[in-house]
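Student: Below is one structure. I have some questions about it.
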Protein chains: 2
Amino acid sequence: MNRSFILKGNIFHTPEPDRLAVRENAHVVCEDGVCRGVFDIIPERYGVLPVIDCGDKMILPGMVDLHIHAPQFAYRGTGMDYELIEWLDNIAFPEEALYADADYALRAYTQFADRMRASATTRAAIFGTVHAASTLILMDRMENSGLVSYVGKVNMDRDAPPALIEDPAEGVGADTRWFIEESERRGYRHTKPIITPRFVPSCTDALMEALGEIRAEYDLPVQSHLSENPIEIELVRQLVPRAAFYGDAYDRFGLFGRGSNTVMAHCVYSAPPEVERMKRNGVWVAHCPSSNMNIASGVAPVRRYMDEGLRIGLGTDVAGGTSESMFRAVTDAIQVSKLYWRYIDLDAKPLTFPEALYLATKGGGSFFGKVGSFEEGYAFDALVLDDSAESTPRPLPVRSRLERAFYLGLDRDGLVMKFVDGERVF
Amino acid sequence: MNRSFILKGNIFHTPEPDRLAVRENAHVVCEDGVCRGVFDIIPERYGVLPVIDCGDKMILPGMVDLHIHAPQFAYRGTGMDYELIEWLDNIAFPEEALYADADYALRAYTQFADRMRASATTRAAIFGTVHAASTLILMDRMENSGLVSYVGKVNMDRDAPPALIEDPAEGVGADTRWFIEESERRGYRHTKPIITPRFVPSCTDALMEALGEIRAEYDLPVQSHLSENPIEIELVRQLVPRAAFYGDAYDRFGLFGRGSNTVMAHCVYSAPPEVERMKRNGVWVAHCPSSNMNIASGVAPVRRYMDEGLRIGLGTDVAGGTSESMFRAVTDAIQVSKLYWRYIDLDAKPLTFPEALYLATKGGGSFFGKVGSFEEGYAFDALVLDDSAESTPRPLPVRSRLERAFYLGLDRDGLVMKFVDGERVF
């Protein structure tokens, strides 16, 4: 596959959170899968590269989804009248139990991966279920999707239906080791395992300890949930009384940054000591605004996190979130930040569109390395978006067209090309 | 056109706010455009009517949009980083000024009406601009769309750009009289005028008084904005010091219920005296959750209004809201009610899906008469929805399929038939 070419069109990216760079009728250069920058006129040294002329279409970096549950995709948009714990018991856990069946997993994960392929997402951090074999099926499907992803076999050994509790007969964490080694044997190019304790209430100390050891041994990243809901936080306080705060219950076992890439979903209620620890340890926040509304958790103080210099990206959190659309996640993040400003903290200025776009691209992209921008040296993840089906009585400025594409969810029908690491997905 | 027939399929409606009636593989009877009820077996007296078999598809009442601005449709989803007053000055007013040009109006309103036709909305209360001639073009387009609608020539004579200020040269309210009489001369079947002061800050007492007289003379309904934003409310207090509260500034001129159907958009900050007056006067609330987030207004206390027995429906409020989708308005209403519960009033139980669906159908429908339900005697407004493109690894219960259709916005691609007053729109 030719990973050296030039895209020509209206080019957008967010090198900094508060700066949307807009270049009309410009060129973005991809060389061996790496971005060489945006140019009005093609530099002589790239003169030999083929040019894909996208006309008046829009070209932007691929979206990075830092938190999504693949086995929940099948029932997204249902059961939304429940709160978190009820929702887990009535909807999420019964469905996840079905993934003990590899046939079911193959059918469901194929549907999931097909939609991820068609989506605006180019990179994702994905939860599977406790089932190692089924989660390998998910990895197969994701490898085929063209996305780059981290995929986690979920770990739970308490406070869940028996069918979802790990069997410690073969040793605590044994199936996670098998999952990791098997996934490495398969030699995936785009798909890597990630250590995935579901969340503290689901994991005994013994399991957490084993996961910490496995993480260190295989040098893997970590994903989990953190401080999503007041009831959950109180539960953690009771379950792990020695922990200074929720995040400390991960940190005690080496599962909270400090050299390993760690992403924690939600962080709606992280108090200052937890925020301080996340900052010190370099933990990423996956802000999931849609899910936090649907499960009535609240609104994460993203402005405060940004001001404190935390690493933040966005997550769709299907199926707490109902849609895999990262365009929707961008506008949801803006909308809830406005309510946060209005009702909770008048000093917390609402997110702007450029800021939310930054979170969805370069912010979350940093979890994967130099990802999410068209600056020189970044991985070439790109979308080409055609908004011409949305007619207007007069032409809109190109900056407004981009914003509109997000608010109207044009990722659903308007994506005409997608590239990951310079490889064309469609 | 044959307005007597039977639809067969999975039938849903909400006869009461807390009850979603679900009848699988049932029949809903339309006789001369009027609903005769839902039946498992077709009653003998309707045995001669043709049956349209919708198979496994879903059949539900049409959606009622109680608040939408037609001239703002062209730039929906843009300029969303502004707050209300900035947004009016920078986005809304400059665009509305273009509707002085009838060619522009025809082009823009044709696009608007085409989308309304394709949408899930069967009835709507619509704002035009101050321009009487252009607003008649909007009425023409709406009459062709198949929807039933009220369309208002907007009234403003202060605090707006000169191009949008009414010229009192021919007498205050003269162009509104002409608009009403001309629209009546055209003999529209589905499209009626509605008295539309933009909002108190835009209308002098002289104009309000004239509108009150015109309203009484022609016996017309009224639409406007109310208590959307703290700054706006303070402005009204200064502009109309004699008014006991914002709504009283309409009521003093006979523009606030009391016999005339009146719908007020937003009501985010209506204090108890205003709520009491709305209740007493029978004023409808158009709850516009998306707009209230986008313009950072807040969240209306819908649960309290419902508990107090106010009349409430939903509005998309394009382009404060970004989408004309009433499916989206339903899920937005649920989502913001969860944040309201979480942060503002733990006694205000979040809206359930049936409740929000009720608001979007029978709640708002009552503004148009017996509308928004499949009960006997209601106008036959119906949608047939095909969700088969959203595959799942196992069949979902039909109740979950309906909820999912709303959360995934399947009104965009999944509507296969639409009926208004028993007439098939598509």
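We label chains A, B, ... in the order they appear in the structure tokens, count residues from 1 in each chain, and number ligands from 1 in the order shown.
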Near chain B, meaning an atom within 9 Å, which residues of chain A appear when counting only C-alpha atoms? Write them as an MDAnalysis selection string.
Tutor: chainID A and resid 73:81 104:105 107:109 111 290 292:299 322:323 334:339 341:344 350:353 391:394 396 399:408
Student: Please give the complete set of residues from segment 1-71 of chain B that DSSP, run on the backbone, assigns to strand (DSSP E), formatted as a PyMOL selection string.
Tutor: chain B and resi 5-16+19-31+34-39+51-61+63-69
Student: What's the 9 Å shell around Glu31 of chain B, counting only C-alpha atoms, without same-chain residues fewer than 2 positions away, as a list in words?
Tutor: Arg3, Ser4, Phe5, Ile6, Val29, Gly33, Val34, Cys35, Arg36, Tyr46, Leu49, Phe380 and Gly422 of chain B
Student: Within 8 Å of Phe199 of chain B, counting only C-alpha atoms, which residues show up once you throw out same-chain ones fewer than 6 positions away? Write them as a PDB file with all heavy atoms, in the first residue's frame, please.
Tutor:
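Final output, around_13.pdb:
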```
ATOM      1  N   SER B 224     -44.318  33.050  21.565  1.00  0.00           N
ATOM      2  CA  SER B 224     -43.191  33.937  21.847  1.00  0.00           C
ATOM      3  C   SER B 224     -42.179  33.211  22.728  1.00  0.00           C
ATOM      4  O   SER B 224     -42.236  31.988  22.864  1.00  0.00           O
ATOM      5  CB  SER B 224     -43.660  35.243  22.491  1.00  0.00           C
ATOM      6  OG  SER B 224     -42.628  36.208  22.438  1.00  0.00           O
ATOM      7  N   HIS B 225     -41.245  34.004  23.266  1.00  0.00           N
ATOM      8  CA  HIS B 225     -40.202  33.470  24.146  1.00  0.00           C
ATOM      9  C   HIS B 225     -40.436  33.982  25.557  1.00  0.00           C
ATOM     10  O   HIS B 225     -40.901  35.105  25.753  1.00  0.00           O
ATOM     11  CB  HIS B 225     -38.822  33.951  23.688  1.00  0.00           C
ATOM     12  CG  HIS B 225     -38.435  33.514  22.317  1.00  0.00           C
ATOM     13  ND1 HIS B 225     -38.720  34.255  21.197  1.00  0.00           N
ATOM     14  CD2 HIS B 225     -37.783  32.412  21.877  1.00  0.00           C
ATOM     15  CE1 HIS B 225     -38.253  33.620  20.112  1.00  0.00           C
ATOM     16  NE2 HIS B 225     -37.682  32.504  20.501  1.00  0.00           N
ATOM     17  N   LEU B 226     -40.020  33.174  26.531  1.00  0.00           N
ATOM     18  CA  LEU B 226     -40.237  33.570  27.925  1.00  0.00           C
ATOM     19  C   LEU B 226     -39.147  33.022  28.853  1.00  0.00           C
ATOM     20  O   LEU B 226     -38.843  31.821  28.819  1.00  0.00           O
ATOM     21  CB  LEU B 226     -41.610  33.038  28.385  1.00  0.00           C
ATOM     22  CG  LEU B 226     -42.035  33.379  29.820  1.00  0.00           C
ATOM     23  CD1 LEU B 226     -42.212  34.881  29.998  1.00  0.00           C
ATOM     24  CD2 LEU B 226     -43.336  32.645  30.178  1.00  0.00           C
TER      25      LEU B 226
END
```
Student: Between atom CA of Pro168 of chain A and atom CA of Val154 of chain A, measure the distance and give it in Å to one decimal.
Tutor: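 Atom CA of Pro168 of chain A sits 14.4 Å away from atom CA of Val154 of chain A.
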Student: Please identify the helix (DSSP H, G or I) residues within segment 114-296 of chain B (assignment by DSSP from backbone atoms) and present them as a tab-separated table (two decimals) with N, CA, C and O atoms, in the first residue's frame.
Tutor:
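Listed below is the output, states-v2.tsv:
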```tsv
chain	number	residue	atom	x	y	z
B	114	ASP	N	-38.60	21.34	2.83
B	114	ASP	CA	-38.26	19.99	2.36
B	114	ASP	C	-37.79	19.12	3.53
B	114	ASP	O	-38.14	17.94	3.62
B	115	ARG	N	-37.01	19.73	4.40
B	115	ARG	CA	-36.52	18.96	5.54
B	115	ARG	C	-37.62	18.69	6.56
B	115	ARG	O	-37.65	17.64	7.19
B	116	MET	N	-38.50	19.64	6.73
B	116	MET	CA	-39.62	19.41	7.65
B	116	MET	C	-40.50	18.28	7.12
B	116	MET	O	-40.99	17.44	7.86
B	117	ARG	N	-40.70	18.28	5.81
B	117	ARG	CA	-41.48	17.21	5.20
B	117	ARG	C	-40.85	15.84	5.48
B	117	ARG	O	-41.54	14.89	5.84
B	118	ALA	N	-39.55	15.76	5.34
B	118	ALA	CA	-38.86	14.47	5.52
B	118	ALA	C	-38.69	14.09	6.98
B	118	ALA	O	-38.36	12.94	7.29
B	132	ALA	N	-43.26	40.45	6.13
B	132	ALA	CA	-44.57	39.83	5.88
B	132	ALA	C	-44.57	39.02	4.58
B	132	ALA	O	-45.06	37.89	4.53
B	133	ALA	N	-44.02	39.59	3.52
B	133	ALA	CA	-44.07	38.92	2.22
B	133	ALA	C	-43.28	37.61	2.26
B	133	ALA	O	-43.73	36.57	1.77
B	134	SER	N	-42.10	37.66	2.87
B	134	SER	CA	-41.29	36.44	2.95
B	134	SER	C	-41.96	35.39	3.83
B	134	SER	O	-41.87	34.19	3.56
B	135	THR	N	-42.64	35.86	4.87
B	135	THR	CA	-43.29	34.89	5.75
B	135	THR	C	-44.47	34.22	5.04
B	135	THR	O	-44.77	33.05	5.29
B	136	LEU	N	-45.07	34.92	4.10
B	136	LEU	CA	-46.09	34.27	3.27
B	136	LEU	C	-45.47	33.21	2.37
B	136	LEU	O	-46.08	32.16	2.11
B	137	ILE	N	-44.27	33.48	1.89
B	137	ILE	CA	-43.56	32.45	1.12
B	137	ILE	C	-43.33	31.22	1.99
B	137	ILE	O	-43.51	30.08	1.56
B	138	LEU	N	-42.95	31.46	3.23
B	138	LEU	CA	-42.77	30.34	4.16
B	138	LEU	C	-44.09	29.57	4.32
B	138	LEU	O	-44.10	28.33	4.33
B	139	MET	N	-45.20	30.29	4.43
B	139	MET	CA	-46.50	29.62	4.56
B	139	MET	C	-46.80	28.76	3.32
B	139	MET	O	-47.26	27.63	3.44
B	140	ASP	N	-46.52	29.32	2.14
B	140	ASP	CA	-46.72	28.55	0.90
B	140	ASP	C	-45.93	27.24	0.95
B	140	ASP	O	-46.45	26.18	0.62
B	141	ARG	N	-44.67	27.37	1.33
B	141	ARG	CA	-43.80	26.19	1.36
B	141	ARG	C	-44.30	25.18	2.39
B	141	ARG	O	-44.29	23.98	2.15
B	142	MET	N	-44.72	25.67	3.55
B	142	MET	CA	-45.21	24.75	4.59
B	142	MET	C	-46.52	24.09	4.15
B	142	MET	O	-46.72	22.91	4.40
B	143	GLU	N	-47.38	24.84	3.50
B	143	GLU	CA	-48.63	24.25	3.01
B	143	GLU	C	-48.34	23.07	2.06
B	143	GLU	O	-49.01	22.04	2.10
B	144	ASN	N	-47.28	23.24	1.27
B	144	ASN	CA	-46.87	22.17	0.36
B	144	ASN	C	-46.18	21.01	1.04
B	144	ASN	O	-46.02	19.95	0.46
B	145	SER	N	-45.71	21.23	2.26
B	145	SER	CA	-44.89	20.20	2.93
B	145	SER	C	-45.72	19.05	3.46
B	145	SER	O	-45.20	17.99	3.78
B	162	PRO	N	-31.47	48.00	12.33
B	162	PRO	CA	-32.49	48.76	11.61
B	162	PRO	C	-33.23	47.93	10.56
B	162	PRO	O	-34.44	48.07	10.40
B	163	ALA	N	-32.53	47.04	9.89
B	163	ALA	CA	-33.17	46.26	8.82
B	163	ALA	C	-34.25	45.34	9.36
B	163	ALA	O	-35.09	44.86	8.60
B	164	LEU	N	-34.25	45.09	10.65
B	164	LEU	CA	-35.23	44.18	11.21
B	164	LEU	C	-36.30	44.89	12.04
B	164	LEU	O	-37.15	44.26	12.64
B	168	PRO	N	-43.22	51.80	11.36
B	168	PRO	CA	-44.57	52.11	11.84
B	168	PRO	C	-45.29	53.12	10.95
B	168	PRO	O	-46.39	53.56	11.28
B	169	ALA	N	-44.67	53.47	9.80
B	169	ALA	CA	-45.23	54.52	8.93
B	169	ALA	C	-46.69	54.23	8.57
B	169	ALA	O	-47.53	55.12	8.57
B	170	GLU	N	-46.98	52.96	8.29
B	170	GLU	CA	-48.34	52.62	7.87
B	170	GLU	C	-49.23	52.27	9.06
B	170	GLU	O	-50.29	51.67	8.87
B	174	ALA	N	-49.67	47.29	11.14
B	174	ALA	CA	-50.36	47.24	9.84
B	174	ALA	C	-49.88	46.06	9.01
B	174	ALA	O	-50.66	45.38	8.34
B	175	ASP	N	-48.56	45.79	9.03
B	175	ASP	CA	-48.07	44.68	8.20
B	175	ASP	C	-48.50	43.32	8.76
B	175	ASP	O	-48.67	42.36	8.01
B	176	THR	N	-48.72	43.27	10.06
B	176	THR	CA	-49.22	42.01	10.64
B	176	THR	C	-50.67	41.78	10.19
B	176	THR	O	-51.04	40.66	9.83
B	177	ARG	N	-51.46	42.85	10.18
B	177	ARG	CA	-52.82	42.72	9.65
B	177	ARG	C	-52.81	42.24	8.21
B	177	ARG	O	-53.56	41.36	7.82
B	178	TRP	N	-51.95	42.86	7.40
B	178	TRP	CA	-51.87	42.48	5.99
B	178	TRP	C	-51.46	41.01	5.85
B	178	TRP	O	-52.04	40.26	5.06
B	179	PHE	N	-50.48	40.63	6.63
B	179	PHE	CA	-50.00	39.24	6.62
B	179	PHE	C	-51.14	38.26	6.94
B	179	PHE	O	-51.34	37.26	6.26
B	180	ILE	N	-51.89	38.57	7.97
B	180	ILE	CA	-52.99	37.69	8.38
B	180	ILE	C	-54.06	37.62	7.30
B	180	ILE	O	-54.49	36.53	6.90
B	181	GLU	N	-54.44	38.77	6.79
B	181	GLU	CA	-55.52	38.78	5.80
B	181	GLU	C	-55.10	38.12	4.49
B	181	GLU	O	-55.86	37.36	3.89
B	182	GLU	N	-53.87	38.39	4.10
B	182	GLU	CA	-53.37	37.77	2.87
B	182	GLU	C	-53.28	36.24	3.04
B	182	GLU	O	-53.64	35.49	2.14
B	183	SER	N	-52.83	35.82	4.20
B	183	SER	CA	-52.72	34.36	4.41
B	183	SER	C	-54.12	33.74	4.42
B	183	SER	O	-54.30	32.62	3.92
B	184	GLU	N	-55.10	34.44	4.93
B	184	GLU	CA	-56.46	33.88	4.93
B	184	GLU	C	-57.03	33.86	3.52
B	184	GLU	O	-57.71	32.91	3.14
B	185	ARG	N	-56.73	34.88	2.73
B	185	ARG	CA	-57.18	34.91	1.33
B	185	ARG	C	-56.65	33.71	0.55
B	185	ARG	O	-57.30	33.23	-0.37
B	200	VAL	N	-40.26	40.17	24.59
B	200	VAL	CA	-40.52	41.49	25.15
B	200	VAL	C	-39.41	42.50	24.82
B	200	VAL	O	-39.72	43.64	24.45
B	201	PRO	N	-38.13	42.13	24.93
B	201	PRO	CA	-37.11	43.15	24.65
B	201	PRO	C	-37.19	43.73	23.24
B	201	PRO	O	-36.69	44.84	23.02
B	202	SER	N	-37.79	43.02	22.31
B	202	SER	CA	-37.87	43.52	20.93
B	202	SER	C	-39.13	44.30	20.63
B	202	SER	O	-39.31	44.74	19.49
B	205	ASP	N	-44.32	48.86	23.99
B	205	ASP	CA	-45.70	48.72	24.48
B	205	ASP	C	-46.71	48.98	23.37
B	205	ASP	O	-47.74	48.31	23.26
B	206	ALA	N	-46.39	49.97	22.53
B	206	ALA	CA	-47.33	50.31	21.44
B	206	ALA	C	-47.53	49.11	20.52
B	206	ALA	O	-48.66	48.80	20.12
B	207	LEU	N	-46.43	48.43	20.21
B	207	LEU	CA	-46.53	47.26	19.33
B	207	LEU	C	-47.28	46.13	20.04
B	207	LEU	O	-48.16	45.48	19.45
B	208	MET	N	-46.95	45.90	21.28
B	208	MET	CA	-47.62	44.83	22.04
B	208	MET	C	-49.12	45.10	22.12
B	208	MET	O	-49.93	44.18	21.97
B	209	GLU	N	-49.47	46.35	22.32
B	209	GLU	CA	-50.88	46.68	22.42
B	209	GLU	C	-51.60	46.40	21.10
B	209	GLU	O	-52.68	45.80	21.06
B	210	ALA	N	-50.95	46.81	20.01
B	210	ALA	CA	-51.53	46.55	18.68
B	210	ALA	C	-51.69	45.04	18.45
B	210	ALA	O	-52.71	44.58	17.94
B	211	LEU	N	-50.66	44.28	18.83
B	211	LEU	CA	-50.73	42.82	18.62
B	211	LEU	C	-51.86	42.20	19.45
B	211	LEU	O	-52.54	41.29	18.98
B	212	GLY	N	-52.03	42.71	20.67
B	212	GLY	CA	-53.13	42.22	21.50
B	212	GLY	C	-54.48	42.46	20.84
B	212	GLY	O	-55.35	41.58	20.83
B	213	GLU	N	-54.61	43.63	20.25
B	213	GLU	CA	-55.89	43.95	19.57
B	213	GLU	C	-56.09	43.07	18.34
B	213	GLU	O	-57.18	42.55	18.10
B	214	ILE	N	-55.02	42.90	17.57
B	214	ILE	CA	-55.11	42.08	16.36
B	214	ILE	C	-55.44	40.63	16.74
B	214	ILE	O	-56.27	39.97	16.11
B	215	ARG	N	-54.78	40.16	17.77
B	215	ARG	CA	-55.03	38.80	18.22
B	215	ARG	C	-56.50	38.58	18.54
B	215	ARG	O	-57.13	37.60	18.09
B	216	ALA	N	-57.08	39.55	19.29
B	216	ALA	CA	-58.48	39.42	19.69
B	216	ALA	C	-59.40	39.53	18.48
B	216	ALA	O	-60.35	38.76	18.33
B	217	GLU	N	-59.07	40.46	17.61
B	217	GLU	CA	-59.91	40.71	16.44
B	217	GLU	C	-59.99	39.49	15.52
B	217	GLU	O	-61.06	39.13	15.03
B	218	TYR	N	-58.84	38.84	15.29
B	218	TYR	CA	-58.81	37.70	14.36
B	218	TYR	C	-58.89	36.36	15.09
B	218	TYR	O	-58.84	35.32	14.46
B	230	PRO	N	-31.04	34.58	32.29
B	230	PRO	CA	-31.07	35.59	33.35
B	230	PRO	C	-30.85	37.02	32.86
B	230	PRO	O	-31.49	37.95	33.35
B	231	ILE	N	-29.98	37.19	31.87
B	231	ILE	CA	-29.71	38.55	31.38
B	231	ILE	C	-30.95	39.12	30.69
B	231	ILE	O	-31.32	40.28	30.85
B	232	GLU	N	-31.60	38.26	29.91
B	232	GLU	CA	-32.83	38.65	29.21
B	232	GLU	C	-33.92	39.02	30.23
B	232	GLU	O	-34.64	40.01	30.07
B	233	ILE	N	-34.02	38.24	31.29
B	233	ILE	CA	-35.06	38.49	32.29
B	233	ILE	C	-34.83	39.83	32.98
B	233	ILE	O	-35.76	40.61	33.20
B	234	GLU	N	-33.56	40.11	33.27
B	234	GLU	CA	-33.22	41.38	33.90
B	234	GLU	C	-33.55	42.55	32.95
B	234	GLU	O	-34.06	43.59	33.37
B	235	LEU	N	-33.28	42.33	31.67
B	235	LEU	CA	-33.59	43.34	30.66
B	235	LEU	C	-35.09	43.64	30.63
B	235	LEU	O	-35.51	44.81	30.57
B	236	VAL	N	-35.88	42.61	30.69
B	236	VAL	CA	-37.35	42.79	30.69
B	236	VAL	C	-37.78	43.56	31.93
B	236	VAL	O	-38.63	44.45	31.87
B	237	ARG	N	-37.15	43.24	33.06
B	237	ARG	CA	-37.49	43.95	34.30
B	237	ARG	C	-37.26	45.45	34.15
B	237	ARG	O	-38.06	46.27	34.59
B	238	GLN	N	-36.15	45.79	33.47
B	238	GLN	CA	-35.84	47.21	33.27
B	238	GLN	C	-36.76	47.85	32.24
B	238	GLN	O	-37.17	49.00	32.39
B	239	LEU	N	-37.07	47.09	31.18
B	239	LEU	CA	-37.85	47.66	30.08
B	239	LEU	C	-39.32	47.83	30.43
B	239	LEU	O	-39.98	48.74	29.95
B	246	TYR	N	-41.91	38.57	33.93
B	246	TYR	CA	-41.74	38.57	32.47
B	246	TYR	C	-43.07	38.21	31.78
B	246	TYR	O	-43.57	38.95	30.91
B	247	GLY	N	-43.67	37.12	32.18
B	247	GLY	CA	-44.91	36.69	31.53
B	247	GLY	C	-46.04	37.70	31.66
B	247	GLY	O	-46.89	37.84	30.76
B	248	ASP	N	-46.00	38.45	32.75
B	248	ASP	CA	-47.02	39.47	32.95
B	248	ASP	C	-46.93	40.55	31.87
B	248	ASP	O	-47.93	41.18	31.53
B	249	ALA	N	-45.73	40.75	31.34
B	249	ALA	CA	-45.54	41.75	30.28
B	249	ALA	C	-46.26	41.33	28.99
B	249	ALA	O	-46.58	42.17	28.16
B	250	TYR	N	-46.50	40.04	28.80
B	250	TYR	CA	-47.37	39.60	27.71
B	250	TYR	C	-48.85	39.67	28.13
B	250	TYR	O	-49.72	40.08	27.37
B	251	ASP	N	-49.08	39.25	29.34
B	251	ASP	CA	-50.47	39.12	29.81
B	251	ASP	C	-51.18	40.47	29.83
B	251	ASP	O	-52.39	40.55	29.55
B	272	PRO	N	-42.31	30.97	40.66
B	272	PRO	CA	-43.66	30.49	40.99
B	272	PRO	C	-44.80	31.41	40.54
B	272	PRO	O	-45.79	30.90	40.00
B	273	PRO	N	-44.72	32.74	40.68
B	273	PRO	CA	-45.87	33.55	40.23
B	273	PRO	C	-46.11	33.41	38.72
B	273	PRO	O	-47.24	33.41	38.25
B	274	GLU	N	-45.01	33.31	37.96
B	274	GLU	CA	-45.16	33.15	36.51
B	274	GLU	C	-45.76	31.79	36.18
B	274	GLU	O	-46.66	31.68	35.33
B	275	VAL	N	-45.29	30.76	36.88
B	275	VAL	CA	-45.83	29.42	36.65
B	275	VAL	C	-47.32	29.39	37.00
B	275	VAL	O	-48.13	28.82	36.26
B	276	GLU	N	-47.65	30.02	38.10
B	276	GLU	CA	-49.04	30.07	38.53
B	276	GLU	C	-49.92	30.76	37.47
B	276	GLU	O	-51.00	30.27	37.12
B	277	ARG	N	-49.40	31.86	36.92
B	277	ARG	CA	-50.15	32.57	35.89
B	277	ARG	C	-50.29	31.72	34.63
B	277	ARG	O	-51.35	31.69	34.00
B	278	MET	N	-49.23	31.02	34.26
B	278	MET	CA	-49.29	30.16	33.07
B	278	MET	C	-50.34	29.07	33.25
B	278	MET	O	-51.08	28.73	32.33
B	279	LYS	N	-50.36	28.57	34.47
B	279	LYS	CA	-51.33	27.51	34.76
B	279	LYS	C	-52.75	28.07	34.67
B	279	LYS	O	-53.63	27.50	34.03
B	280	ARG	N	-52.94	29.19	35.32
B	280	ARG	CA	-54.26	29.79	35.35
B	280	ARG	C	-54.73	30.17	33.95
B	280	ARG	O	-55.87	29.95	33.56
B	281	ASN	N	-53.80	30.71	33.15
B	281	ASN	CA	-54.15	31.18	31.81
B	281	ASN	C	-54.12	30.07	30.76
B	281	ASN	O	-54.45	30.30	29.61
B	289	PRO	N	-34.70	21.70	25.04
B	289	PRO	CA	-33.49	21.34	25.79
B	289	PRO	C	-32.19	21.57	25.03
B	289	PRO	O	-31.21	22.01	25.63
B	290	SER	N	-32.18	21.28	23.75
B	290	SER	CA	-30.93	21.42	23.00
B	290	SER	C	-30.51	22.89	22.94
B	290	SER	O	-29.37	23.25	23.24
B	291	SER	N	-31.45	23.73	22.58
B	291	SER	CA	-31.17	25.16	22.52
B	291	SER	C	-30.71	25.69	23.87
B	291	SER	O	-29.78	26.49	23.96
B	292	ASN	N	-31.37	25.24	24.93
B	292	ASN	CA	-31.02	25.74	26.26
B	292	ASN	C	-29.61	25.35	26.67
B	292	ASN	O	-28.97	26.04	27.46
B	293	MET	N	-29.11	24.23	26.13
B	293	MET	CA	-27.70	23.89	26.34
B	293	MET	C	-26.82	24.74	25.45
B	293	MET	O	-25.85	25.34	25.92
B	294	ASN	N	-27.14	24.78	24.17
B	294	ASN	CA	-26.25	25.44	23.21
B	294	ASN	C	-26.04	26.91	23.53
B	294	ASN	O	-24.94	27.44	23.36
```
Student: My list of candidates is A:Met156, A:Met306, A:Val263, A:Leu147. Which is closest to His67 of chain A when distances are computed with only C-alpha atoms?
Tutor: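 Closest to His67 of chain A, using only C-alpha atoms: A:Val263.
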Student: Atom CA of Arg258 of chain B and atom CA of Tyr358 of chain B are how many Å apart?
Tutor: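 One can read the atom CA of Arg258 of chain B to atom CA of Tyr358 of chain B distance as 24.1 Å.
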